[in-house]
>>> print(open('query20.cif').read())   # mmCIF, C-alpha atoms
data_coords
#
loop_
_atom_site.group_PDB
_atom_site.id
_atom_site.type_symbol
_atom_site.label_atom_id
_atom_site.label_comp_id
_atom_site.auth_asym_id
_atom_site.auth_seq_id
_atom_site.Cartn_x
_atom_site.Cartn_y
_atom_site.Cartn_z
ATOM 1 C CA MET A 1 2.692 -1.792 -19.146
ATOM 2 C CA PHE A 2 4.018 0.688 -16.591
ATOM 3 C CA VAL A 3 1.200 3.013 -17.676
ATOM 4 C CA VAL A 4 -1.411 0.323 -16.894
ATOM 5 C CA ALA A 5 0.094 -0.331 -13.463
ATOM 6 C CA SER A 6 0.361 3.358 -12.610
ATOM 7 C CA ILE A 7 -3.248 4.018 -13.699
ATOM 8 C CA GLY A 8 -4.406 1.137 -11.486
ATOM 9 C CA VAL A 9 -2.466 2.490 -8.534
ATOM 10 C CA LEU A 10 -3.835 6.010 -9.171
ATOM 11 C CA VAL A 11 -7.431 4.716 -9.239
ATOM 12 C CA THR A 12 -6.787 2.926 -5.925
ATOM 13 C CA MET A 13 -5.356 6.120 -4.443
ATOM 14 C CA ALA A 14 -8.509 8.005 -5.483
ATOM 15 C CA LEU A 15 -10.713 5.329 -3.859
ATOM 16 C CA ALA A 16 -8.650 5.413 -0.649
ATOM 17 C CA LEU A 17 -8.876 9.212 -0.597
ATOM 18 C CA THR A 18 -12.664 8.955 -0.974
ATOM 19 C CA ARG A 19 -12.807 6.657 2.041
ATOM 20 C CA ALA A 20 -10.551 9.028 3.976
ATOM 21 C CA LEU A 21 -12.959 11.908 3.235
ATOM 22 C CA LEU A 22 -16.136 9.859 3.900
ATOM 23 C CA GLY A 23 -14.869 7.724 6.774
ATOM 24 C CA PRO A 24 -17.398 7.684 9.614
ATOM 25 C CA THR A 25 -14.787 7.009 12.297
ATOM 26 C CA ARG A 26 -11.258 8.296 12.613
ATOM 27 C CA PHE A 27 -9.920 4.754 12.291
ATOM 28 C CA ASP A 28 -11.390 4.505 8.792
ATOM 29 C CA ARG A 29 -9.442 7.627 7.932
ATOM 30 C CA ILE A 30 -6.220 6.219 9.392
ATOM 31 C CA LEU A 31 -6.710 2.950 7.481
ATOM 32 C CA ALA A 32 -7.298 4.845 4.225
ATOM 33 C CA LEU A 33 -4.252 7.017 4.948
ATOM 34 C CA ASN A 34 -2.092 3.917 5.465
ATOM 35 C CA MET A 35 -3.312 2.449 2.167
ATOM 36 C CA PHE A 36 -2.735 5.781 0.384
ATOM 37 C CA GLY A 37 0.854 5.845 1.684
ATOM 38 C CA THR A 38 1.583 2.292 0.515
ATOM 39 C CA LYS A 39 0.169 3.093 -2.920
ATOM 40 C CA THR A 40 2.336 6.230 -3.044
ATOM 41 C CA VAL A 41 5.410 4.026 -2.589
ATOM 42 C CA LEU A 42 4.252 1.786 -5.461
ATOM 43 C CA LEU A 43 3.415 4.781 -7.682
ATOM 44 C CA ILE A 44 6.861 6.335 -7.181
ATOM 45 C CA ALA A 45 8.553 3.002 -7.974
ATOM 46 C CA VAL A 46 6.473 2.462 -11.151
ATOM 47 C CA LEU A 47 6.862 6.081 -12.308
ATOM 48 C CA GLY A 48 10.634 5.769 -11.872
ATOM 49 C CA PHE A 49 10.683 2.885 -14.348
ATOM 50 C CA LEU A 50 8.177 4.686 -16.622
ATOM 51 C CA ALA A 51 10.399 7.766 -16.810
ATOM 52 C CA GLY A 52 13.521 5.635 -17.298
ATOM 53 C CA ARG A 53 14.983 6.862 -14.011
ATOM 54 C CA PRO A 54 14.824 3.954 -11.517
ATOM 55 C CA GLU A 55 16.811 6.090 -9.028
ATOM 56 C CA PHE A 56 13.369 7.213 -7.823
ATOM 57 C CA LEU A 57 13.425 4.043 -5.713
ATOM 58 C CA ASP A 58 15.359 5.960 -3.056
ATOM 59 C CA LEU A 59 12.330 8.218 -2.664
ATOM 60 C CA ALA A 60 10.045 5.163 -2.474
ATOM 61 C CA LEU A 61 12.186 3.705 0.325
ATOM 62 C CA VAL A 62 12.035 6.948 2.323
ATOM 63 C CA TYR A 63 8.262 7.159 1.761
ATOM 64 C CA ALA A 64 7.773 3.615 3.050
ATOM 65 C CA LEU A 65 9.714 4.386 6.230
ATOM 66 C CA MET A 66 7.928 7.700 6.858
ATOM 67 C CA ASN A 67 4.468 6.267 6.150
ATOM 68 C CA PHE A 68 4.877 3.458 8.690
ATOM 69 C CA ILE A 69 6.238 5.723 11.414
ATOM 70 C CA GLY A 70 3.550 8.329 10.670
ATOM 71 C CA VAL A 71 0.666 5.841 10.969
ATOM 72 C CA ILE A 72 2.008 4.425 14.238
ATOM 73 C CA ALA A 73 2.506 7.958 15.602
ATOM 74 C CA VAL A 74 -1.063 9.013 14.711
ATOM 75 C CA LEU A 75 -2.480 5.837 16.302
ATOM 76 C CA LYS A 76 -0.464 6.441 19.471
ATOM 77 C CA PHE A 77 -1.648 10.042 19.513
ATOM 78 C CA THR A 78 -5.327 9.164 19.110
ATOM 79 C CA ALA A 79 -5.048 6.474 21.782
ATOM 80 C CA GLU A 80 -3.595 8.759 24.416
ATOM 81 C CA SER A 81 -5.121 12.167 23.792
ATOM 82 C CA ASN A 82 -8.523 13.525 24.766
ATOM 83 C CA MET A 83 -8.458 16.039 21.968
ATOM 84 C CA PHE A 84 -11.021 14.265 19.778
ATOM 85 C CA ASP A 85 -13.433 13.208 22.485
ATOM 86 C CA SER A 86 -16.267 15.097 20.792
ATOM 87 C CA ASP A 87 -16.585 12.432 18.084
ATOM 88 C CA ARG A 88 -16.704 9.534 20.514
ATOM 89 C CA GLU A 89 -20.435 9.052 19.824
ATOM 90 C CA GLU A 90 -19.905 8.011 16.234
ATOM 91 C CA GLY A 91 -20.286 4.255 16.569
ATOM 92 C CA ALA A 92 -18.201 3.818 19.719
ATOM 93 C CA HIS A 93 -19.677 2.171 22.805
ATOM 94 C CA GLN A 94 -17.489 2.084 25.865
ATOM 95 C CA MET B 1 14.326 -11.751 -23.045
ATOM 96 C CA ILE B 2 10.691 -11.946 -24.116
ATOM 97 C CA VAL B 3 9.792 -14.455 -21.363
ATOM 98 C CA LEU B 4 10.892 -12.101 -18.583
ATOM 99 C CA ASP B 5 9.012 -9.236 -20.227
ATOM 100 C CA VAL B 6 5.750 -11.189 -20.433
ATOM 101 C CA LEU B 7 6.117 -12.412 -16.828
ATOM 102 C CA SER B 8 6.794 -8.921 -15.551
ATOM 103 C CA TRP B 9 3.832 -7.586 -17.546
ATOM 104 C CA ALA B 10 1.545 -10.213 -15.995
ATOM 105 C CA PHE B 11 2.806 -9.420 -12.470
ATOM 106 C CA LEU B 12 2.349 -5.662 -12.932
ATOM 107 C CA VAL B 13 -1.177 -5.948 -14.332
ATOM 108 C CA SER B 14 -2.330 -8.448 -11.702
ATOM 109 C CA GLY B 15 -0.809 -6.252 -8.986
ATOM 110 C CA ALA B 16 -2.747 -3.243 -10.308
ATOM 111 C CA PHE B 17 -5.903 -5.390 -10.438
ATOM 112 C CA PHE B 18 -5.545 -6.458 -6.793
ATOM 113 C CA CYS B 19 -4.876 -2.834 -5.780
ATOM 114 C CA ILE B 20 -8.131 -1.721 -7.417
ATOM 115 C CA VAL B 21 -10.030 -4.609 -5.784
ATOM 116 C CA GLY B 22 -8.722 -3.441 -2.402
ATOM 117 C CA GLY B 23 -9.803 0.129 -3.135
ATOM 118 C CA ILE B 24 -13.317 -0.997 -4.096
ATOM 119 C CA GLY B 25 -13.483 -3.097 -0.920
ATOM 120 C CA LEU B 26 -12.415 -0.088 1.129
ATOM 121 C CA ILE B 27 -15.352 1.872 -0.307
ATOM 122 C CA ARG B 28 -18.074 -0.787 -0.340
ATOM 123 C CA LEU B 29 -17.649 -2.947 2.777
ATOM 124 C CA PRO B 30 -20.042 -2.108 5.614
ATOM 125 C CA ASP B 31 -17.965 -1.469 8.729
ATOM 126 C CA PHE B 32 -14.467 -0.650 9.881
ATOM 127 C CA TYR B 33 -13.224 -4.177 10.631
ATOM 128 C CA SER B 34 -14.258 -5.590 7.258
ATOM 129 C CA ARG B 35 -12.643 -2.579 5.569
ATOM 130 C CA CYS B 36 -9.460 -3.456 7.439
ATOM 131 C CA HIS B 37 -9.635 -6.899 5.832
ATOM 132 C CA ALA B 38 -9.903 -5.369 2.342
ATOM 133 C CA GLY B 39 -7.149 -2.852 3.010
ATOM 134 C CA GLY B 40 -4.711 -5.167 4.756
ATOM 135 C CA VAL B 41 -4.889 -8.171 2.439
ATOM 136 C CA THR B 42 -4.709 -6.365 -0.887
ATOM 137 C CA ASP B 43 -2.087 -3.915 0.376
ATOM 138 C CA THR B 44 0.333 -6.776 0.892
ATOM 139 C CA LEU B 45 -0.539 -8.812 -2.211
ATOM 140 C CA GLY B 46 -0.804 -5.898 -4.667
ATOM 141 C CA ALA B 47 2.432 -4.314 -3.464
ATOM 142 C CA LEU B 48 4.234 -7.668 -3.627
ATOM 143 C CA LEU B 49 3.065 -8.378 -7.199
ATOM 144 C CA ILE B 50 3.902 -4.899 -8.539
ATOM 145 C CA LEU B 51 7.358 -4.883 -6.927
ATOM 146 C CA LEU B 52 7.971 -8.414 -8.243
ATOM 147 C CA GLY B 53 7.148 -7.202 -11.760
ATOM 148 C CA LEU B 54 9.559 -4.284 -11.383
ATOM 149 C CA SER B 55 12.248 -6.668 -10.036
ATOM 150 C CA LEU B 56 11.933 -8.767 -13.207
ATOM 151 C CA GLN B 57 12.521 -5.568 -15.211
ATOM 152 C CA ALA B 58 15.663 -4.972 -13.131
ATOM 153 C CA VAL B 59 16.833 -8.557 -13.803
ATOM 154 C CA GLU B 60 16.328 -7.883 -17.503
ATOM 155 C CA MET B 61 18.456 -4.730 -17.182
ATOM 156 C CA ILE B 62 21.221 -6.798 -15.524
ATOM 157 C CA ILE B 63 21.135 -9.331 -18.385
ATOM 158 C CA ALA B 64 21.229 -6.549 -21.000
ATOM 159 C CA ALA B 65 24.196 -4.899 -19.266
ATOM 160 C CA THR B 66 26.051 -8.232 -19.111
ATOM 161 C CA ASN B 67 25.464 -8.899 -22.804
ATOM 162 C CA SER B 68 26.637 -5.456 -23.913
ATOM 163 C CA GLY B 69 29.662 -5.518 -21.597
ATOM 164 C CA ASP B 70 28.624 -2.473 -19.552
ATOM 165 C CA SER B 71 28.922 -2.148 -15.786
ATOM 166 C CA VAL B 72 26.342 -4.297 -14.012
ATOM 167 C CA LEU B 73 26.472 -2.233 -10.812
ATOM 168 C CA PRO B 74 23.609 0.287 -11.444
ATOM 169 C CA ALA B 75 21.115 -2.446 -12.350
ATOM 170 C CA VAL B 76 22.167 -4.572 -9.352
ATOM 171 C CA LEU B 77 21.694 -1.526 -7.122
ATOM 172 C CA ILE B 78 18.145 -1.088 -8.483
ATOM 173 C CA LEU B 79 17.386 -4.743 -7.758
ATOM 174 C CA VAL B 80 18.728 -4.451 -4.199
ATOM 175 C CA LYS B 81 16.616 -1.329 -3.581
ATOM 176 C CA LEU B 82 13.503 -3.049 -4.944
ATOM 177 C CA ILE B 83 14.076 -6.072 -2.703
ATOM 178 C CA SER B 84 14.584 -3.862 0.346
ATOM 179 C CA VAL B 85 11.355 -1.921 -0.394
ATOM 180 C CA THR B 86 9.516 -5.255 -0.764
ATOM 181 C CA VAL B 87 10.867 -6.682 2.494
ATOM 182 C CA PHE B 88 10.086 -3.463 4.341
ATOM 183 C CA LEU B 89 6.502 -3.283 3.022
ATOM 184 C CA LEU B 90 5.932 -6.970 3.816
ATOM 185 C CA MET B 91 7.024 -6.337 7.405
ATOM 186 C CA THR B 92 5.298 -3.025 8.068
ATOM 187 C CA SER B 93 1.959 -3.368 6.245
ATOM 188 C CA PRO B 94 0.564 -6.142 8.503
ATOM 189 C CA ILE B 95 1.995 -4.422 11.594
ATOM 190 C CA ALA B 96 0.260 -1.151 10.705
ATOM 191 C CA GLY B 97 -3.028 -2.973 10.008
ATOM 192 C CA HIS B 98 -2.826 -4.841 13.310
ATOM 193 C CA ALA B 99 -2.052 -1.634 15.210
ATOM 194 C CA THR B 100 -5.028 0.132 13.584
ATOM 195 C CA VAL B 101 -7.485 -2.643 14.505
ATOM 196 C CA ARG B 102 -6.063 -2.870 18.022
ATOM 197 C CA ALA B 103 -6.380 0.884 18.553
ATOM 198 C CA ALA B 104 -9.986 0.819 17.291
ATOM 199 C CA TRP B 105 -10.851 -2.128 19.573
ATOM 200 C CA ASN B 106 -9.243 -0.500 22.606
ATOM 201 C CA HIS B 107 -11.137 2.689 21.811
ATOM 202 C CA GLY B 108 -14.380 0.722 22.022
ATOM 203 C CA LEU B 109 -15.439 0.530 18.379
ATOM 204 C CA GLN B 110 -17.837 -2.414 17.966
ATOM 205 C CA PRO B 111 -18.006 -4.492 14.776
ATOM 206 C CA LYS B 112 -21.317 -4.469 12.926
ATOM 207 C CA LEU B 113 -22.772 -7.899 13.649
ATOM 208 C CA HIS B 114 -25.517 -9.778 11.869
ATOM 209 C CA GLU B 115 -28.214 -9.117 14.481
ATOM 210 C CA ASP B 116 -27.596 -5.368 14.257
ATOM 211 C CA ARG B 117 -29.145 -5.312 10.779
ATOM 212 C CA ARG B 118 -32.370 -7.137 11.688
#
>>> encode(input="query20.cif", output="structure tokens")
Amino acid sequence: MFVVASIGVLVTMALALTRALLGPTRFDRILALNMFGTKTVLLIAVLGFLAGRPEFLDLALVYALMNFIGVIAVLKFTAESNMFDSDREEGAHQ
Amino acid sequence: MIVLDVLSWAFLVSGAFFCIVGGIGLIRLPDFYSRCHAGGVTDTLGALLILLGLSLQAVEMIIAATNSGDSVLPAVLILVKLISVTVFLLMTSPIAGHATVRAAWNHGLQPKLHEDRR
């Protein structure tokens, strides 16, 4: 049953990665990145039980913390910087 | 405990199902704000169901350790870690989704409305 859950999570990670590569706007990419990070946490937790080593949960906890802080940091960065102004045309109307 | 095993199996499989539904929604929905709906909702529900299934496995480990007279501490530690991951994800996933939508709105991204399609 852990195999079924981990395959489902892996398929979701592939779909999120596809959206991150396709994503027309940068916010699509950030959303897909956030989802990919959450699914990484789940995958590590499930793989820990699958391998009979639930101590992997420490890694999952650290991943959850880093993913949240990373997403907030990237959003803050995109909001305040002018570095990406060249792609402002793509669907954005000020 | 066969009941706990079946329950945990059902939680894990339904969690994986909701994760895949969220991934399909992320690919197929038309614009950013509707994709946020797919991502945000299933992120919370799928993660909750999968971690609940794993918690039931940890409860089963506690019961097995009690019956065989071993130390219960490692299994209890696993359960505590699982609960803390769950609580953390339940707090941060909606916050991250809200921050993403807010940043997109402040940036000036417009939702695709019905009259845009014509």
>>> closest_residue(input="query20.cif", among="B:Phe18, B:Phe88, B:Trp105, B:Tyr33", to="Gly8 in chain A", atoms="all atoms listed in the file")
B:Phe18
>>> interface_residues(input="query20.cif", of="chain B", to="chain A", cutoff="8 Å", atoms="all atoms listed in the file", output="ChimeraX atom specification")
/B:9,12-13,15-17,19-20,22-24,26-27,32,35-36,39,43,47,50-51,54,78,81-82,84-85,88-89,92-93,96-97,99-100,103-104,107-110
>>> atom_distance(input="query20.cif", atom1="CA of Leu50 in chain A", atom2="CA of Leu45 in chain B")
21.6 Å
>>> atom_distance(input="query20.cif", atom1="CA of Thr44 in chain B", atom2="CA of Leu73 in chain B")
29.0 Å
>>> atom_distance(input="query20.cif", atom1="CA of Met1 in chain B", atom2="CA of Thr66 in chain B")
12.9 Å
>>> axis_aligned_box(input="query20.cif", around="range 25-28 of chain A", padding_each_side="3 Å", output="JSON")
{"center_x": -12.4, "center_y": 6.4, "center_z": 10.7, "size_x": 10.9, "size_y": 9.8, "size_z": 9.8}
>>> residues_near_point(input="query20.cif", point="(18.9, -5.2, -10.6)", cutoff="9 Å", atoms="all atoms listed in the file", output="list in words")
Ser55, Leu56, Gln57, Ala58, Val59, Glu60, Met61, Ile62, Val72, Leu73, Pro74, Ala75, Val76, Leu77, Ile78, Leu79, Val80, Lys81 and Leu82 of chain B
>>> closest_residue(input="query20.cif", among="B:Leu48, B:Ala64, B:Leu7, B:Ala38", to="Val87 in chain B", atoms="all atoms listed in the file")
B:Leu48
>>> build_atoms(input="query20.cif", residues="range 88-101 of chain B", atoms="N, CA and C atoms", output="PDB file, in the coordinates of the input")
ATOM      1  N   PHE B  88      10.581  -4.430   3.368  1.00  0.00           N
ATOM      2  CA  PHE B  88      10.086  -3.463   4.341  1.00  0.00           C
ATOM      3  C   PHE B  88       8.566  -3.389   4.327  1.00  0.00           C
ATOM      4  N   LEU B  89       7.969  -3.346   3.101  1.00  0.00           N
ATOM      5  CA  LEU B  89       6.502  -3.283   3.022  1.00  0.00           C
ATOM      6  C   LEU B  89       5.878  -4.548   3.589  1.00  0.00           C
ATOM      7  N   LEU B  90       6.492  -5.707   3.309  1.00  0.00           N
ATOM      8  CA  LEU B  90       5.932  -6.970   3.816  1.00  0.00           C
ATOM      9  C   LEU B  90       5.980  -7.014   5.330  1.00  0.00           C
ATOM     10  N   MET B  91       6.977  -6.350   5.941  1.00  0.00           N
ATOM     11  CA  MET B  91       7.024  -6.337   7.405  1.00  0.00           C
ATOM     12  C   MET B  91       6.060  -5.313   7.979  1.00  0.00           C
ATOM     13  N   THR B  92       6.019  -4.099   7.393  1.00  0.00           N
ATOM     14  CA  THR B  92       5.298  -3.025   8.068  1.00  0.00           C
ATOM     15  C   THR B  92       3.810  -3.004   7.771  1.00  0.00           C
ATOM     16  N   SER B  93       3.376  -3.485   6.598  1.00  0.00           N
ATOM     17  CA  SER B  93       1.959  -3.368   6.245  1.00  0.00           C
ATOM     18  C   SER B  93       1.064  -4.156   7.210  1.00  0.00           C
ATOM     19  N   PRO B  94       1.386  -5.439   7.515  1.00  0.00           N
ATOM     20  CA  PRO B  94       0.564  -6.142   8.503  1.00  0.00           C
ATOM     21  C   PRO B  94       0.667  -5.546   9.896  1.00  0.00           C
ATOM     22  N   ILE B  95       1.857  -5.018  10.261  1.00  0.00           N
ATOM     23  CA  ILE B  95       1.995  -4.422  11.594  1.00  0.00           C
ATOM     24  C   ILE B  95       1.104  -3.197  11.715  1.00  0.00           C
ATOM     25  N   ALA B  96       1.089  -2.356  10.661  1.00  0.00           N
ATOM     26  CA  ALA B  96       0.260  -1.151  10.705  1.00  0.00           C
ATOM     27  C   ALA B  96      -1.221  -1.518  10.758  1.00  0.00           C
ATOM     28  N   GLY B  97      -1.635  -2.536   9.978  1.00  0.00           N
ATOM     29  CA  GLY B  97      -3.028  -2.973  10.008  1.00  0.00           C
ATOM     30  C   GLY B  97      -3.426  -3.481  11.377  1.00  0.00           C
ATOM     31  N   HIS B  98      -2.552  -4.306  11.985  1.00  0.00           N
ATOM     32  CA  HIS B  98      -2.826  -4.841  13.310  1.00  0.00           C
ATOM     33  C   HIS B  98      -2.931  -3.720  14.332  1.00  0.00           C
ATOM     34  N   ALA B  99      -2.032  -2.741  14.245  1.00  0.00           N
ATOM     35  CA  ALA B  99      -2.052  -1.634  15.210  1.00  0.00           C
ATOM     36  C   ALA B  99      -3.324  -0.815  15.063  1.00  0.00           C
ATOM     37  N   THR B 100      -3.791  -0.632  13.790  1.00  0.00           N
ATOM     38  CA  THR B 100      -5.028   0.132  13.584  1.00  0.00           C
ATOM     39  C   THR B 100      -6.220  -0.568  14.224  1.00  0.00           C
ATOM     40  N   VAL B 101      -6.347  -1.902  13.950  1.00  0.00           N
ATOM     41  CA  VAL B 101      -7.485  -2.643  14.505  1.00  0.00           C
ATOM     42  C   VAL B 101      -7.420  -2.650  16.029  1.00  0.00           C
TER      43      VAL B 101
END
